[in-house]
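Raw contents of protein_0.tsv, TSV, C-alpha atoms:
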chain	number	residue	atom	x	y	z
V	1	MET	CA	84.44	-9.67	106.94
V	2	THR	CA	81.63	-12.18	107.03
V	3	HIS	CA	82.50	-15.88	107.06
V	4	SER	CA	80.23	-18.87	106.74
V	5	LEU	CA	80.92	-21.55	109.28
V	6	PHE	CA	79.31	-24.98	109.38
V	7	VAL	CA	79.06	-26.07	113.01
V	8	ASN	CA	77.15	-29.06	114.37
V	9	GLY	CA	75.08	-29.38	111.24
V	10	ARG	CA	74.10	-25.72	111.04
V	11	LEU	CA	75.45	-22.98	108.82
V	12	HIS	CA	76.38	-19.84	110.73
V	13	SER	CA	77.36	-16.43	109.45
V	14	VAL	CA	80.12	-14.85	111.49
V	15	ASP	CA	81.22	-11.25	111.00
V	16	THR	CA	84.76	-11.04	112.34
V	17	ASP	CA	88.41	-11.19	111.31
V	18	GLY	CA	89.38	-14.34	109.43
V	19	ASP	CA	92.51	-14.61	111.57
V	20	ALA	CA	90.42	-15.01	114.71
V	21	PRO	CA	90.94	-18.39	116.40
V	22	LEU	CA	88.02	-20.75	115.87
V	23	LEU	CA	87.78	-21.13	119.65
V	24	TRP	CA	86.98	-17.41	120.03
V	25	VAL	CA	84.30	-17.66	117.38
V	26	LEU	CA	82.70	-20.74	118.94
V	27	ARG	CA	82.62	-19.29	122.42
V	28	ASP	CA	82.07	-15.57	121.86
V	29	HIS	CA	80.04	-15.45	118.66
V	30	LEU	CA	78.14	-18.74	118.62
V	31	ARG	CA	77.96	-19.09	122.43
V	32	LEU	CA	79.09	-22.71	122.24
V	33	THR	CA	80.97	-22.56	125.51
V	34	GLY	CA	81.42	-26.30	125.98
V	35	THR	CA	84.77	-26.02	124.22
V	36	LYS	CA	87.28	-24.64	126.71
V	37	TYR	CA	90.22	-22.27	126.56
V	38	GLY	CA	93.20	-23.92	128.25
V	39	CYS	CA	96.64	-22.86	127.10
V	40	GLY	CA	95.79	-20.98	123.93
V	41	LYS	CA	98.71	-22.43	121.95
V	42	ALA	CA	97.83	-26.01	121.09
V	43	GLN	CA	99.63	-27.47	124.06
V	44	CYS	CA	96.85	-28.87	126.25
V	45	GLY	CA	93.97	-30.11	124.07
V	46	ALA	CA	91.17	-28.51	126.11
V	47	CYS	CA	89.86	-26.76	122.98
V	48	THR	CA	89.68	-29.89	120.81
V	49	VAL	CA	86.87	-29.99	118.24
V	50	HIS	CA	86.50	-31.96	115.02
V	51	ALA	CA	87.12	-30.53	111.56
V	52	ASP	CA	85.84	-32.92	108.91
V	53	GLY	CA	85.98	-35.67	111.52
V	54	GLN	CA	89.58	-35.05	112.53
V	55	PRO	CA	90.42	-33.67	115.98
V	56	VAL	CA	91.95	-30.19	115.81
V	57	ARG	CA	92.88	-27.58	118.37
V	58	SER	CA	90.42	-24.76	117.87
V	59	CYS	CA	92.71	-22.25	119.61
V	60	SER	CA	95.26	-22.52	116.81
V	61	LEU	CA	92.93	-22.84	113.82
V	62	SER	CA	91.86	-19.62	112.15
V	63	LEU	CA	88.26	-18.90	111.29
V	64	ALA	CA	89.20	-18.58	107.62
V	65	ASP	CA	90.73	-22.08	107.62
V	66	ALA	CA	87.90	-23.56	109.67
V	67	ALA	CA	85.33	-22.15	107.27
V	68	THR	CA	86.29	-24.77	104.69
V	69	SER	CA	85.47	-27.65	107.07
V	70	ARG	CA	82.52	-29.17	108.86
V	71	ILE	CA	83.08	-28.39	112.54
V	72	GLU	CA	81.75	-30.58	115.32
V	73	THR	CA	81.91	-29.46	118.95
V	74	ILE	CA	81.05	-31.21	122.19
V	75	GLU	CA	77.53	-29.76	121.96
V	76	GLY	CA	76.99	-31.54	118.64
V	77	ALA	CA	78.71	-34.82	119.47
V	78	ALA	CA	76.24	-37.57	118.72
V	79	GLY	CA	76.03	-41.17	117.62
V	80	PRO	CA	76.68	-44.51	119.30
V	81	GLU	CA	80.29	-43.71	120.19
V	82	ALA	CA	79.32	-40.42	121.83
V	83	GLU	CA	76.52	-42.13	123.76
V	84	ALA	CA	78.84	-44.93	124.91
V	85	LEU	CA	81.46	-42.45	126.03
V	86	THR	CA	78.90	-40.33	127.90
V	87	ALA	CA	77.56	-43.40	129.71
V	88	ALA	CA	81.06	-44.59	130.60
V	89	TRP	CA	82.09	-41.13	131.80
V	90	VAL	CA	79.06	-40.92	134.07
V	91	ALA	CA	79.33	-44.48	135.35
V	92	ARG	CA	82.99	-44.13	136.24
V	93	GLY	CA	82.84	-40.54	137.37
V	94	VAL	CA	85.74	-39.79	135.09
V	95	PRO	CA	85.92	-36.00	135.48
V	96	GLN	CA	87.30	-34.34	138.56
V	97	CYS	CA	87.21	-30.58	137.96
V	98	GLY	CA	85.97	-31.27	134.44
V	99	PHE	CA	87.61	-28.35	132.66
V	100	CYS	CA	89.56	-30.48	130.17
V	101	GLN	CA	86.85	-33.06	129.68
V	102	SER	CA	85.17	-31.70	126.58
V	103	GLY	CA	88.54	-31.84	124.83
V	104	GLN	CA	89.22	-35.30	126.24
V	105	LEU	CA	85.87	-36.54	125.01
V	106	MET	CA	86.31	-35.10	121.51
V	107	SER	CA	89.70	-36.83	121.18
V	108	ALA	CA	88.26	-40.06	122.58
V	109	LEU	CA	85.31	-39.79	120.20
V	110	ALA	CA	87.58	-39.47	117.17
V	111	LEU	CA	89.55	-42.47	118.39
V	112	LEU	CA	86.51	-44.70	118.90
V	113	ARG	CA	85.00	-43.75	115.56
V	114	ALA	CA	88.19	-44.90	113.83
V	115	ASN	CA	89.09	-47.76	116.14
V	116	SER	CA	86.27	-49.47	118.01
V	117	ALA	CA	88.60	-51.67	120.07
V	118	PRO	CA	91.63	-49.57	120.98
V	119	THR	CA	94.47	-50.97	123.02
V	120	ASP	CA	96.14	-49.13	125.86
V	121	ALA	CA	98.86	-48.10	123.43
V	122	ASP	CA	96.27	-46.80	120.94
V	123	ILE	CA	94.60	-44.78	123.68
V	124	ASP	CA	97.88	-43.38	124.98
V	125	ALA	CA	98.94	-42.35	121.48
V	126	ALA	CA	95.62	-40.72	120.65
V	127	MET	CA	95.16	-38.99	123.99
V	128	SER	CA	98.71	-37.85	124.74
V	129	GLY	CA	97.92	-34.36	123.47
V	130	ASN	CA	95.13	-33.86	126.01
V	131	LEU	CA	96.37	-32.79	129.41
V	132	CYS	CA	94.42	-33.16	132.65
V	133	ARG	CA	95.62	-31.15	135.65
V	134	CYS	CA	93.60	-33.43	137.94
V	135	ALA	CA	95.47	-36.41	136.47
V	136	THR	CA	92.37	-38.44	135.71
V	137	TYR	CA	94.27	-40.28	133.00
V	138	ASN	CA	93.63	-43.75	134.39
V	139	ARG	CA	89.89	-43.11	134.56
V	140	ILE	CA	89.90	-41.62	131.07
V	141	ARG	CA	91.64	-44.70	129.68
V	142	ALA	CA	89.26	-47.01	131.59
V	143	GLY	CA	86.30	-44.99	130.38
V	144	ILE	CA	87.36	-45.41	126.77
V	145	HIS	CA	87.75	-49.15	127.29
V	146	ASP	CA	84.29	-49.27	128.88
V	147	ALA	CA	82.81	-47.37	125.96
V	148	ALA	CA	84.54	-49.64	123.47
V	149	ALA	CA	83.22	-52.70	125.30
V	150	ALA	CA	79.71	-51.27	125.31
V	151	LEU	CA	79.94	-50.63	121.58
V	152	GLY	CA	81.13	-54.21	121.09
V	153	ASP	CA	78.19	-55.54	123.08
V	154	ARG	CA	75.76	-53.59	120.90
V	155	SER	CA	77.12	-54.95	117.64
L	156	MET	CA	94.25	44.53	178.98
L	157	LYS	CA	92.99	44.36	175.51
L	158	LEU	CA	94.74	41.84	173.26
L	159	ARG	CA	95.18	42.78	169.65
L	160	ARG	CA	94.79	40.09	167.09
L	161	PRO	CA	98.07	39.69	165.21
L	162	ARG	CA	97.72	40.79	161.63
L	163	LEU	CA	99.79	39.96	158.62
L	164	SER	CA	101.38	42.99	157.13
L	165	CYS	CA	101.76	43.53	153.41
L	166	LEU	CA	105.45	42.89	153.82
L	167	SER	CA	104.83	39.49	155.40
L	168	ILE	CA	102.47	38.47	152.62
L	169	ALA	CA	104.95	39.58	149.99
L	170	MET	CA	107.69	37.54	151.68
L	171	ILE	CA	105.52	34.44	151.80
L	172	LEU	CA	104.65	34.82	148.13
L	173	PHE	CA	108.31	35.38	147.30
L	174	ALA	CA	109.26	32.24	149.21
L	175	LEU	CA	106.59	30.24	147.39
L	176	ILE	CA	107.83	31.48	144.03
L	177	ILE	CA	111.41	30.56	144.96
L	178	LEU	CA	110.20	27.10	146.02
L	179	ILE	CA	108.28	26.53	142.78
L	180	VAL	CA	111.20	27.69	140.66
L	181	ALA	CA	113.56	25.43	142.62
L	182	ILE	CA	111.27	22.47	142.07
L	183	LEU	CA	110.96	23.18	138.36
L	184	LEU	CA	114.67	23.73	137.85
L	185	ARG	CA	115.92	20.89	140.00
L	186	PRO	CA	118.29	18.53	138.17
L	187	LEU	CA	116.37	15.53	136.89
L	188	THR	CA	117.94	12.10	137.02
L	189	LEU	CA	116.83	9.86	134.17
L	190	PRO	CA	116.23	6.19	134.90
L	191	LYS	CA	119.24	4.04	134.21
L	192	PRO	CA	119.01	2.57	130.68
L	193	GLU	CA	118.30	-1.15	130.61
L	194	ALA	CA	118.85	-3.60	127.79
L	195	LEU	CA	115.73	-4.74	125.98
L	196	SER	CA	114.48	-8.07	127.22
L	197	ALA	CA	115.52	-10.98	125.03
L	198	ALA	CA	111.85	-11.68	124.44
L	199	PHE	CA	111.56	-8.40	122.50
L	200	ALA	CA	114.86	-8.60	120.67
L	201	PRO	CA	114.52	-8.70	116.89
L	202	VAL	CA	115.11	-12.06	115.26
L	203	VAL	CA	118.59	-12.03	113.78
L	204	VAL	CA	119.26	-13.83	110.51
L	205	ALA	CA	122.76	-15.24	110.51
L	206	PRO	CA	124.51	-14.73	107.17
L	207	LEU	CA	125.64	-17.58	104.95
L	208	LYS	CA	128.79	-17.26	102.87
L	209	PRO	CA	128.15	-17.21	99.11
L	210	VAL	CA	129.75	-19.80	96.83
L	211	SER	CA	132.16	-17.15	95.55
L	212	ALA	CA	133.71	-16.90	99.00
L	213	PHE	CA	135.24	-20.34	98.43
L	214	ASN	CA	136.76	-19.64	95.01
L	215	ALA	CA	140.13	-18.89	96.59
L	216	ILE	CA	140.47	-22.50	97.77
L	217	VAL	CA	142.55	-24.04	95.01
L	218	ASP	CA	142.38	-27.68	96.05
L	219	PRO	CA	139.02	-28.98	94.68
L	220	ALA	CA	138.64	-31.52	97.49
L	221	ALA	CA	139.28	-28.94	100.18
L	222	ARG	CA	136.92	-26.53	98.44
L	223	SER	CA	134.21	-29.18	98.32
L	224	VAL	CA	134.58	-29.91	102.03
L	225	ALA	CA	134.52	-26.20	102.85
L	226	LEU	CA	131.35	-25.71	100.81
L	227	PHE	CA	129.62	-28.54	102.65
L	228	GLN	CA	130.75	-27.27	106.03
L	229	GLU	CA	129.18	-23.91	105.25
L	230	ALA	CA	125.99	-25.62	104.08
L	231	GLY	CA	126.23	-27.69	107.25
L	232	ARG	CA	125.44	-24.58	109.27
L	233	VAL	CA	121.93	-24.91	107.82
L	234	ILE	CA	121.77	-28.69	108.08
L	235	ARG	CA	122.71	-28.58	111.75
L	236	HIS	CA	120.39	-25.69	112.58
L	237	PRO	CA	117.56	-26.50	115.00
L	238	ARG	CA	114.95	-25.48	112.37
L	239	CYS	CA	116.17	-28.45	110.31
L	240	MET	CA	117.40	-30.85	112.97
L	241	ASN	CA	114.15	-30.78	114.96
L	242	CYS	CA	112.43	-32.72	112.16
L	243	HIS	CA	115.33	-35.14	111.66
L	244	PRO	CA	115.21	-36.86	115.07
L	245	ARG	CA	116.79	-40.22	115.72
L	246	THR	CA	113.78	-41.36	117.74
L	247	ASP	CA	110.10	-41.48	116.84
L	248	ARG	CA	109.50	-38.18	118.62
L	249	PRO	CA	110.38	-34.80	117.12
L	250	THR	CA	112.15	-32.10	119.07
L	251	GLN	CA	111.36	-28.40	119.25
L	252	THR	CA	112.83	-24.99	120.12
L	253	ASP	CA	116.47	-23.99	119.77
L	254	ALA	CA	117.22	-26.25	122.75
L	255	MET	CA	115.88	-29.16	120.70
L	256	ARG	CA	113.92	-30.51	123.63
L	257	PRO	CA	111.37	-33.30	123.15
L	258	HIS	CA	108.17	-32.10	121.48
L	259	MET	CA	105.37	-31.18	123.83
L	260	PRO	CA	102.79	-32.59	123.80
L	261	ALA	CA	104.23	-36.04	123.34
L	262	VAL	CA	103.68	-37.05	119.73
L	263	ALA	CA	104.95	-39.90	117.57
L	264	ARG	CA	106.04	-39.98	113.94
L	265	GLY	CA	103.37	-42.52	112.95
L	266	PRO	CA	103.45	-44.69	109.85
L	267	ASP	CA	103.86	-41.80	107.38
L	268	GLY	CA	105.90	-39.33	109.43
L	269	ALA	CA	102.90	-37.04	109.86
L	270	GLY	CA	101.89	-38.31	113.29
L	271	ASP	CA	100.00	-41.12	114.92
L	272	PRO	CA	96.78	-41.93	113.03
L	273	HIS	CA	94.79	-40.51	115.96
L	274	LEU	CA	97.08	-37.62	116.80
L	275	ARG	CA	98.20	-36.20	113.50
L	276	CYS	CA	100.62	-33.28	113.16
L	277	ALA	CA	97.68	-31.46	111.57
L	278	THR	CA	95.80	-31.65	114.85
L	279	CYS	CA	97.80	-28.60	115.88
L	280	HIS	CA	99.91	-27.55	112.85
L	281	ASN	CA	98.05	-25.94	109.97
L	282	ASP	CA	99.06	-25.00	106.44
L	283	ALA	CA	100.79	-21.83	107.60
L	284	ASN	CA	102.26	-20.34	110.75
L	285	PHE	CA	99.37	-19.28	112.97
L	286	THR	CA	100.91	-16.06	114.17
L	287	GLY	CA	98.23	-15.19	116.67
L	288	ARG	CA	99.07	-18.20	118.81
L	289	ASP	CA	102.63	-18.72	117.55
L	290	VAL	CA	101.99	-22.26	116.30
L	291	PRO	CA	104.18	-23.01	113.26
L	292	GLY	CA	102.74	-24.66	110.20
L	293	ASN	CA	103.30	-25.83	106.63
L	294	PRO	CA	101.13	-27.90	104.27
L	295	GLN	CA	103.78	-30.65	104.17
L	296	TRP	CA	104.56	-30.69	107.89
L	297	LEU	CA	106.06	-34.10	108.65
L	298	LEU	CA	109.16	-35.81	110.02
L	299	ALA	CA	112.08	-37.09	108.01
L	300	LEU	CA	112.36	-40.87	107.82
L	301	ILE	CA	114.12	-42.53	110.73
L	302	GLU	CA	116.86	-43.58	108.27
L	303	GLN	CA	117.42	-39.87	107.61
L	304	ALA	CA	118.00	-39.00	111.27
L	305	TRP	CA	120.57	-36.24	111.67
L	306	GLN	CA	120.45	-35.66	115.40
L	307	GLY	CA	123.39	-37.14	117.26
L	308	ARG	CA	125.46	-37.48	114.11
L	309	SER	CA	128.49	-35.48	113.01
L	310	LEU	CA	128.38	-33.47	109.81
L	311	GLY	CA	130.55	-36.07	108.11
L	312	GLU	CA	128.24	-38.87	109.20
L	313	THR	CA	125.26	-36.86	107.98
L	314	CYS	CA	126.92	-36.41	104.61
L	315	ARG	CA	127.71	-40.12	104.23
L	316	GLN	CA	124.13	-40.87	105.13
L	317	LEU	CA	122.85	-38.51	102.43
L	318	PHE	CA	124.59	-40.60	99.78
L	319	ASP	CA	123.93	-44.02	101.29
L	320	PRO	CA	121.23	-45.61	99.10
L	321	ALA	CA	120.11	-47.78	102.02
L	322	ARG	CA	119.29	-44.72	104.11
L	323	SER	CA	118.72	-41.83	101.76
L	324	TYR	CA	116.16	-43.14	99.24
L	325	ILE	CA	116.70	-40.09	97.05
L	326	THR	CA	119.04	-39.34	94.19
L	327	ARG	CA	121.52	-36.51	94.22
L	328	ALA	CA	119.26	-34.50	91.95
L	329	GLU	CA	116.31	-35.08	94.30
L	330	LEU	CA	118.49	-34.12	97.24
L	331	LEU	CA	119.35	-30.80	95.61
L	332	GLU	CA	115.69	-30.21	94.77
L	333	HIS	CA	114.70	-30.97	98.37
L	334	MET	CA	117.25	-28.60	99.82
L	335	ALA	CA	117.04	-25.80	97.25
L	336	ASN	CA	113.35	-25.69	96.39
L	337	ASP	CA	111.25	-27.81	98.78
L	338	ALA	CA	108.73	-25.52	100.49
L	339	LEU	CA	108.91	-27.57	103.68
L	340	VAL	CA	112.68	-27.01	103.88
L	341	GLY	CA	112.01	-23.38	102.97
L	342	TRP	CA	109.94	-22.99	106.14
L	343	ALA	CA	113.26	-23.00	108.02
L	344	TRP	CA	113.88	-19.47	106.70
L	345	HIS	CA	110.36	-18.28	107.55
L	346	PRO	CA	109.63	-19.96	110.89
L	347	GLY	CA	107.60	-17.09	112.37
L	348	GLY	CA	107.38	-16.10	116.02
L	349	ASP	CA	110.64	-15.61	117.86
L	350	ARG	CA	112.25	-18.65	116.24
L	351	PRO	CA	115.60	-17.73	114.65
L	352	PRO	CA	115.59	-18.78	110.99
L	353	ALA	CA	118.27	-20.93	109.41
L	354	PRO	CA	121.34	-18.96	108.22
L	355	GLY	CA	121.22	-17.09	104.91
L	356	THR	CA	118.49	-17.90	102.43
L	357	GLN	CA	117.27	-21.12	100.86
L	358	ALA	CA	118.64	-19.93	97.50
L	359	GLN	CA	122.12	-19.45	99.02
L	360	PHE	CA	121.87	-22.84	100.70
L	361	GLY	CA	120.83	-24.48	97.42
L	362	ALA	CA	123.71	-22.78	95.62
L	363	LEU	CA	126.18	-24.12	98.20
L	364	ILE	CA	124.81	-27.65	97.82
L	365	ALA	CA	124.90	-27.38	94.01
L	366	ALA	CA	128.51	-26.13	94.07
L	367	TRP	CA	129.40	-28.90	96.49
L	368	ARG	CA	127.96	-31.51	94.11
L	369	GLU	CA	129.89	-29.96	91.23
L	370	THR	CA	133.11	-30.31	93.23
L	371	ASP	CA	132.60	-34.07	93.56
L	372	ALA	CA	130.71	-33.83	96.84
L	373	ARG	CA	133.50	-34.44	99.30
L	374	TRP	CA	132.62	-34.58	102.97
L	375	PRO	CA	134.44	-33.78	106.18
L	376	ALA	CA	135.88	-36.57	108.32
Output the file's structure as structure tokens, nothing else.
Amino acid sequence: MTHSLFVNGRLHSVDTDGDAPLLWVLRDHLRLTGTKYGCGKAQCGACTVHADGQPVRSCSLSLADAATSRIETIEGAAGPEAEALTAAWVARGVPQCGFCQSGQLMSALALLRANSAPTDADIDAAMSGNLCRCATYNRIRAGIHDAAAALGDRS
Amino acid sequence: MKLRRPRLSCLSIAMILFALIILIVAILLRPLTLPKPEALSAAFAPVVVAPLKPVSAFNAIVDPAARSVALFQEAGRVIRHPRCMNCHPRTDRPTQTDAMRPHMPAVARGPDGAGDPHLRCATCHNDANFTGRDVPGNPQWLLALIEQAWQGRSLGETCRQLFDPARSYITRAELLEHMANDALVGWAWHPGGDRPPAPGTQAQFGALIAAWRETDARWPA
């Protein structure tokens, strides 16, 4: 069955089963491979994308359900928050192996868009669903603070 | 002296063929030992629905108070089931699985019981069970209020709490509606995956609660 899927500002037509996980569709059909497969059961956060601005785990969201939302992936992340996070990530060298980082960034992006000056507690609460096997948590938290500070300096 | 090359006679060839036939027949007719039967792994065992006694099973109890308590104790098998208890934690973190271990990943109830504002339940849980990845879901997925915590409390304490206006916030009629008809409670009988459902059916559970209310809603000590 053909489904229409709105991803990163573009409407795509995808001919596959509506029960297919969104992650499969993004990676295998649309070739948006920035979103990673980690655990496959919403336990690690590596596959995080945004659906109507809210972070969701694309491995546990069906194509049929995703088709009703505007999907944003790491490839389409844009705006001042995304730029601030990118700069902070590069400046601090946040990633180690990097596999989880697209999911980390999408969760951090949703946080900064809703809360431009998050506390440590805010960051911990928002990011606790994103695991990092390299344990770069301290750098991730510092990177979010850096990005928030940069956003504050701009405004 | 001239050596003669040994030659196989017809008799020798016939004997070799006969021996081969005997060997093949012996192989084909040898007693076969079947592999020892093994029990099916628990991972593949069918999900068993525990039965729930109907209201009529308590008609023989003459004493109304004793009958009321017995009805609630039977309903308590649902109330104390992990499918229900996991969302009635006494902390800000739900539990999961039959072992009722802390939810992974670490999540918090948030201001409305549906998760932290930046890590909502809906980040992972959708409107229905996502069978492909075994992630449970319901449109109303959220935690019970902290005042309605059931974990760590006896059945009697749970019952007193249900009728304590300071902790319950719902009337008896609303309580019956929640237990008998609420789709979120109903998920406990359709949890998907290898999660054992709550005993009986939601209709049987609702009938037990209704009969318990009609018998003056007595609770166990």
Could you list as a list in words every residue that has an atom within 6 Å of (91.0, -47.6, 122.9), using the file's coordinates and counting all atoms listed in the file?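 Counting all atoms listed in the file, I find these residues within 6 Å of (91.0, -47.6, 122.9): Ala117, Pro118, Thr119, Asp122, Ile123, Ile144 and His145 of chain V.
The interface of chain L with chain V at 7 Å, considering only C-alpha atoms, consists of L:Met259, L:Pro260, L:Ala261, L:Asp271, L:His273, L:Leu274, L:Thr278, L:Cys279, L:Phe285, L:Arg288, L:Asp289, L:Val290.
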Non-local contacts of Ala338 (chain L) (9 Å; all atoms listed in the file; under 6 positions in same chain excluded) as a ChimeraX atom specification: /L:293-295
Go ahead and dump the residues you just picked, C-alpha atoms, as an mmCIF file, in the coordinates of the input.
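Listed below is the output, selection-v6.cif:
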data_model
loop_
_atom_site.group_PDB
_atom_site.id
_atom_site.type_symbol
_atom_site.label_atom_id
_atom_site.label_comp_id
_atom_site.auth_asym_id
_atom_site.auth_seq_id
_atom_site.Cartn_x
_atom_site.Cartn_y
_atom_site.Cartn_z
ATOM 1 C CA ASN L 293 103.300 -25.830 106.630
ATOM 2 C CA PRO L 294 101.130 -27.900 104.270
ATOM 3 C CA GLN L 295 103.780 -30.650 104.170
#
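Those DNA, RNA and protein residues that approach the point (120.6, -38.0, 107.0) to within 6 Å, considering all atoms listed in the file, are Gln303, Ala304, Trp305, Thr313, Gln316 and Leu317 of chain L.
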Which polymer residues have any atom within 10 Å of an atom of region 324-327 of chain L, counting all atoms listed in the file, with same-chain residues fewer than 6 positions away left out, as a ChimeraX atom specification? /L:300,302-303,317-318,333,365,368,372
